Amino acid sequence: MLELLLGIIYLCCLLGIFLYCLMMMHLALRYMLHKNRERKNKIEDQLPPMSNDLAAAAYPVVTVQLPIFNEMYVVERLIDRISEFQYPKSKLQIQVLDDSTDETLDISRNKVAEYQAKGFDITLLHRTDRSGYKAGALHEAMPHVKGEFIAIFDADFLPETDFILRLLPYFQDRGMGLVQTRWIHLNKEYSLLTRLQAFFLDVHFSVEQAGRNASGYFMNFNGTAGMWRKQTILSSGGWQDDTLTEDLDLSYRAQLKGWQFKFLEHIGSPAELPVDMRAFKSQQFRWIKGGAEVARKLLPNILRTDLSLGVKMNAFSHLMASSLYILVFTLVILSVPLLLLQDENNTFDYLRISSFFFISNFAVAFVHYVSTRYFEDRRMNPFRFLFMLVSFLVLTMGLSLHNGVAALRGLRGERTPFVRTPKFNIVKGSDTWRSKAYTAKRLDLVSVLEGLVALYFLAAIFFSFYTNNLIFIPFFFLVFISYSTIFISTVRHTTGR
């Protein structure tokens, strides 16, 4: 009876993962069709930038918002870059939304004073309580916004100076509420960790964002490197702080109101990737838990609307994607008791069921392959692609406990603080972050549990050899390597080694 129950749970997890991978494969095919149609018909899915030599009266007022919290290594270069924007000073408002509690605040004040003296309309808005975190800062700044359009950049971004001129033409459509650009990576080649982040983020900024946008599905603002129509934010309920991903939340509320979104894959906005495992995991926690919170908040309303079935299905898979880690972790953990309970009569059944797992991995490979086809900076030879794919699978499986906990806490509606991802101005391979502020100095409970899971599968490997039941050993070994890698990297980066 116990074996049957565990087998049913195992099968349900496999089917859930399989169905999600099919949805991603569908998006990849839609993305391919979209890109191939562009090439065949020589369609340029872009508008010419607004001229930069018009009379000042011809430009709309644009507000640039820079939400910041304790970013002393990157805040100066951000403000300097925004001041270089090719846009009339009289039509550009810059809001530095700095809630910092360290020397970042002094750096911001000095830079704001410097550019005020140069004639820029730039102000510093500082809060002492951080209520609502980033969403709270954006919400409290809205009454002071002068612009008809609002561009938002996180502290680690270095946007191109013609950013506003290139995005404004898309707002000629009065129904256009948001224009989002693609992230490109300043420190992609810094380490294997940054290369892996670029590998899966490029899938999001191609197959997912461009695929959804081209298919008429809901897409999302990525929290930065995009431009909103101010009226879109106001008419959609404004910035709300009841989720950790206020950007995803507002995106769906705006599209439910009928506003149109546009993703510009051909415009890249450079940014810095996290370089240590603890910072990367904190970013993952926020994204995964926030996605689950938005699903809990908005999915019931979405499913009750008269939107098409395709839009609803994509919204469901998009918002529930964070829960995939719960399924992966459950699948991983159950593989050991299933080994203990199985006998010679049902081994073939488990192998047949596990074929869903291999098909899902093929879908993952296909999606990542498609994402590397259309941009020069993403192409790689077959050997490098295979190495990156296997490394990505190892990383994903090793994070299944950490991200599964985040998703579960989000689905339960548990409130947690907004933990920002520290950035250290790491661009060149010679740059170092290990002696800088903001690095975590002790292990959390989930990291300790990751080490225990690695030992759990090491014991399972020895037991399999002892009983001469070798069918699951390749899988057990992969999981052991995955959790060992995440645990050891977390320990090394926590101790500064």
# chains A, B, ... in the order shown; residues from 1 in each chain; ligands from 1

$ residues_around --residues "range 103-112 of chain A" --least-positions-apart "5" --cutoff "10 Å" --atoms "only C-alpha atoms" --output "number ranges by chain"
A: 68-77, 79-80, 94-98, 117-118, 120-126

$ select_by_dssp --residues "range 300-391 of chain A" --states "alpha helix (DSSP H)" --output "JSON, numbers by chain"
{"A": [300, 301, 302, 303, 304, 309, 310, 311, 312, 313, 314, 315, 316, 317, 318, 319, 324, 325, 326, 327, 328, 329, 330, 331, 332, 333, 334, 335, 336, 337, 338, 339, 340, 341, 347, 348, 349, 350, 351, 352, 353, 355, 356, 357, 358, 359, 360, 361, 362, 363, 364, 365, 366, 367, 368, 369, 370, 371, 382, 383, 384, 385, 386, 387, 388, 389, 390, 391]}

$ closest_atom_pairs --of "range 267-290 of chain A" --to "range 146-156 of chain A" --cutoff "9 Å" --atoms "only C-alpha atoms" --output "Markdown table"
| residue | atom | partner | partner_atom | distance |
| --- | --- | --- | --- | --- |
| A:Pro270 | CA | A:Asp156 | CA | 8.6 |
| A:Ala271 | CA | A:Asp156 | CA | 5.6 |
| A:Glu272 | CA | A:Asp156 | CA | 5.6 |
| A:Leu273 | CA | A:Asp156 | CA | 8.5 |

$ write_last_selection --atoms "N, CA and C atoms" --output "PDB file, in the first residue's frame"
ATOM      1  N   PRO A 270      22.657  46.403 -20.322  1.00  0.00           N
ATOM      2  CA  PRO A 270      23.708  45.701 -19.575  1.00  0.00           C
ATOM      3  C   PRO A 270      23.475  45.764 -18.064  1.00  0.00           C
ATOM      4  N   ALA A 271      23.762  44.636 -17.408  1.00  0.00           N
ATOM      5  CA  ALA A 271      23.606  44.549 -15.958  1.00  0.00           C
ATOM      6  C   ALA A 271      24.612  43.552 -15.409  1.00  0.00           C
ATOM      7  N   GLU A 272      24.783  43.590 -14.098  1.00  0.00           N
ATOM      8  CA  GLU A 272      25.737  42.728 -13.414  1.00  0.00           C
ATOM      9  C   GLU A 272      25.026  41.518 -12.819  1.00  0.00           C
ATOM     10  N   LEU A 273      25.580  40.338 -13.043  1.00  0.00           N
ATOM     11  CA  LEU A 273      25.050  39.107 -12.472  1.00  0.00           C
ATOM     12  C   LEU A 273      25.642  38.877 -11.080  1.00  0.00           C
TER      13      LEU A 273
END

$ residues_around --residues "range 127-137 of chain A" --least-positions-apart "6" --cutoff "12 Å" --atoms "only C-alpha atoms" --output "MDAnalysis selection string"
chainID A and resid 65:70 95:102 105 143:144 152:155 223:224 238:250 415:420

$ write_last_selection --atoms "C-alpha atoms" --output "PDB file, in the first residue's frame"
ATOM      1  CA  GLN A  65      13.428  56.138 -11.169  1.00  0.00           C
ATOM      2  CA  LEU A  66      16.426  54.491  -9.484  1.00  0.00           C
ATOM      3  CA  PRO A  67      15.336  52.355  -6.485  1.00  0.00           C
ATOM      4  CA  ILE A  68      18.400  51.705  -4.306  1.00  0.00           C
ATOM      5  CA  PHE A  69      19.190  50.037  -0.997  1.00  0.00           C
ATOM      6  CA  ASN A  70      22.763  49.662   0.289  1.00  0.00           C
ATOM      7  CA  GLN A  95      14.392  60.286  -8.915  1.00  0.00           C
ATOM      8  CA  VAL A  96      16.983  58.532  -6.753  1.00  0.00           C
ATOM      9  CA  LEU A  97      14.864  56.421  -4.386  1.00  0.00           C
ATOM     10  CA  ASP A  98      17.529  55.570  -1.833  1.00  0.00           C
ATOM     11  CA  ASP A  99      16.443  53.785   1.355  1.00  0.00           C
ATOM     12  CA  SER A 100      20.014  52.902   2.273  1.00  0.00           C
ATOM     13  CA  THR A 101      21.236  52.546   5.849  1.00  0.00           C
ATOM     14  CA  ASP A 102      24.973  52.670   5.078  1.00  0.00           C
ATOM     15  CA  LEU A 105      23.191  57.297   1.143  1.00  0.00           C
ATOM     16  CA  PRO A 143       2.958  61.657  -6.396  1.00  0.00           C
ATOM     17  CA  HIS A 144       6.226  63.407  -7.268  1.00  0.00           C
ATOM     18  CA  ILE A 152      13.089  52.180 -13.987  1.00  0.00           C
ATOM     19  CA  PHE A 153      16.615  50.840 -13.411  1.00  0.00           C
ATOM     20  CA  ASP A 154      18.025  48.760 -10.582  1.00  0.00           C
ATOM     21  CA  ALA A 155      21.371  49.766  -9.147  1.00  0.00           C
ATOM     22  CA  GLY A 223      11.540  45.088 -12.480  1.00  0.00           C
ATOM     23  CA  THR A 224      14.120  47.129 -14.361  1.00  0.00           C
ATOM     24  CA  GLY A 238      -0.336  51.147  -8.568  1.00  0.00           C
ATOM     25  CA  TRP A 239       2.626  49.476  -6.920  1.00  0.00           C
ATOM     26  CA  GLN A 240       1.535  47.011  -4.227  1.00  0.00           C
ATOM     27  CA  ASP A 241       3.776  45.384  -1.627  1.00  0.00           C
ATOM     28  CA  ASP A 242       1.845  42.195  -0.821  1.00  0.00           C
ATOM     29  CA  THR A 243       4.228  40.105  -2.967  1.00  0.00           C
ATOM     30  CA  LEU A 244       8.024  40.035  -3.330  1.00  0.00           C
ATOM     31  CA  THR A 245       7.703  40.449  -7.110  1.00  0.00           C
ATOM     32  CA  GLU A 246       5.803  43.705  -7.394  1.00  0.00           C
ATOM     33  CA  ASP A 247       6.866  43.881 -11.053  1.00  0.00           C
ATOM     34  CA  LEU A 248       5.151  40.597 -11.990  1.00  0.00           C
ATOM     35  CA  ASP A 249       2.087  41.521  -9.928  1.00  0.00           C
ATOM     36  CA  LEU A 250       1.601  44.917 -11.610  1.00  0.00           C
ATOM     37  CA  ARG A 415       5.229  37.158   4.688  1.00  0.00           C
ATOM     38  CA  THR A 416       9.018  37.491   4.467  1.00  0.00           C
ATOM     39  CA  PRO A 417      11.270  40.542   4.077  1.00  0.00           C
ATOM     40  CA  PHE A 418      12.596  41.723   0.733  1.00  0.00           C
ATOM     41  CA  VAL A 419      16.263  40.675   0.688  1.00  0.00           C
ATOM     42  CA  ARG A 420      18.033  42.517  -2.084  1.00  0.00           C
TER      43      ARG A 420
END

$ residues_around --residues "Val207 in chain A" --least-positions-apart "2" --cutoff "7 Å" --atoms "only C-alpha atoms" --output "number ranges by chain"
A: 27-28, 31, 203-205, 209-211, 371

$ write_last_selection --atoms "N, CA and C atoms" --output "PDB file, in the first residue's frame"
ATOM      1  N   LEU A  27       6.259  27.206 -26.328  1.00  0.00           N
ATOM      2  CA  LEU A  27       6.738  28.583 -26.445  1.00  0.00           C
ATOM      3  C   LEU A  27       7.968  28.660 -27.345  1.00  0.00           C
ATOM      4  N   ALA A  28       8.850  27.670 -27.221  1.00  0.00           N
ATOM      5  CA  ALA A  28      10.053  27.658 -28.059  1.00  0.00           C
ATOM      6  C   ALA A  28       9.686  27.541 -29.536  1.00  0.00           C
ATOM      7  N   TYR A  31       8.278  30.824 -30.667  1.00  0.00           N
ATOM      8  CA  TYR A  31       9.377  31.775 -30.808  1.00  0.00           C
ATOM      9  C   TYR A  31      10.139  31.533 -32.110  1.00  0.00           C
ATOM     10  N   VAL A 203      17.236  32.295 -21.895  1.00  0.00           N
ATOM     11  CA  VAL A 203      15.997  31.598 -22.265  1.00  0.00           C
ATOM     12  C   VAL A 203      14.791  32.468 -21.929  1.00  0.00           C
ATOM     13  N   HIS A 204      14.836  33.072 -20.747  1.00  0.00           N
ATOM     14  CA  HIS A 204      13.714  33.940 -20.361  1.00  0.00           C
ATOM     15  C   HIS A 204      13.580  35.125 -21.306  1.00  0.00           C
ATOM     16  N   PHE A 205      14.715  35.722 -21.689  1.00  0.00           N
ATOM     17  CA  PHE A 205      14.672  36.915 -22.537  1.00  0.00           C
ATOM     18  C   PHE A 205      14.685  36.575 -24.025  1.00  0.00           C
ATOM     19  N   GLN A 209       9.941  35.604 -22.938  1.00  0.00           N
ATOM     20  CA  GLN A 209       9.421  36.953 -23.136  1.00  0.00           C
ATOM     21  C   GLN A 209       9.010  37.205 -24.587  1.00  0.00           C
ATOM     22  N   ALA A 210       9.919  36.946 -25.514  1.00  0.00           N
ATOM     23  CA  ALA A 210       9.605  37.193 -26.926  1.00  0.00           C
ATOM     24  C   ALA A 210       8.539  36.216 -27.422  1.00  0.00           C
ATOM     25  N   GLY A 211       8.625  34.955 -26.971  1.00  0.00           N
ATOM     26  CA  GLY A 211       7.633  33.964 -27.388  1.00  0.00           C
ATOM     27  C   GLY A 211       6.239  34.308 -26.902  1.00  0.00           C
ATOM     28  N   SER A 371      17.097  29.063 -27.745  1.00  0.00           N
ATOM     29  CA  SER A 371      17.480  30.385 -27.228  1.00  0.00           C
ATOM     30  C   SER A 371      18.866  30.813 -27.684  1.00  0.00           C
TER      31      SER A 371
END

$ residues_around --residues "range 34-39 of chain A" --least-positions-apart "4" --cutoff "12 Å" --atoms "only C-alpha atoms" --output "VMD selection string"
chain A and resid 27 to 30 43 to 46 206 to 207 210 to 216 265 to 266 370 to 371 373 to 375

$ closest_residue --among "A:Val61, A:Leu327, A:Leu201, A:Ala225" --to "Gly268 in chain A" --atoms "only C-alpha atoms"
A:Ala225

$ select_by_dssp --residues "range 41-134 of chain A" --states "strand (DSSP E or B)" --output "number ranges by chain"
A: 62-68, 92-98, 121-125
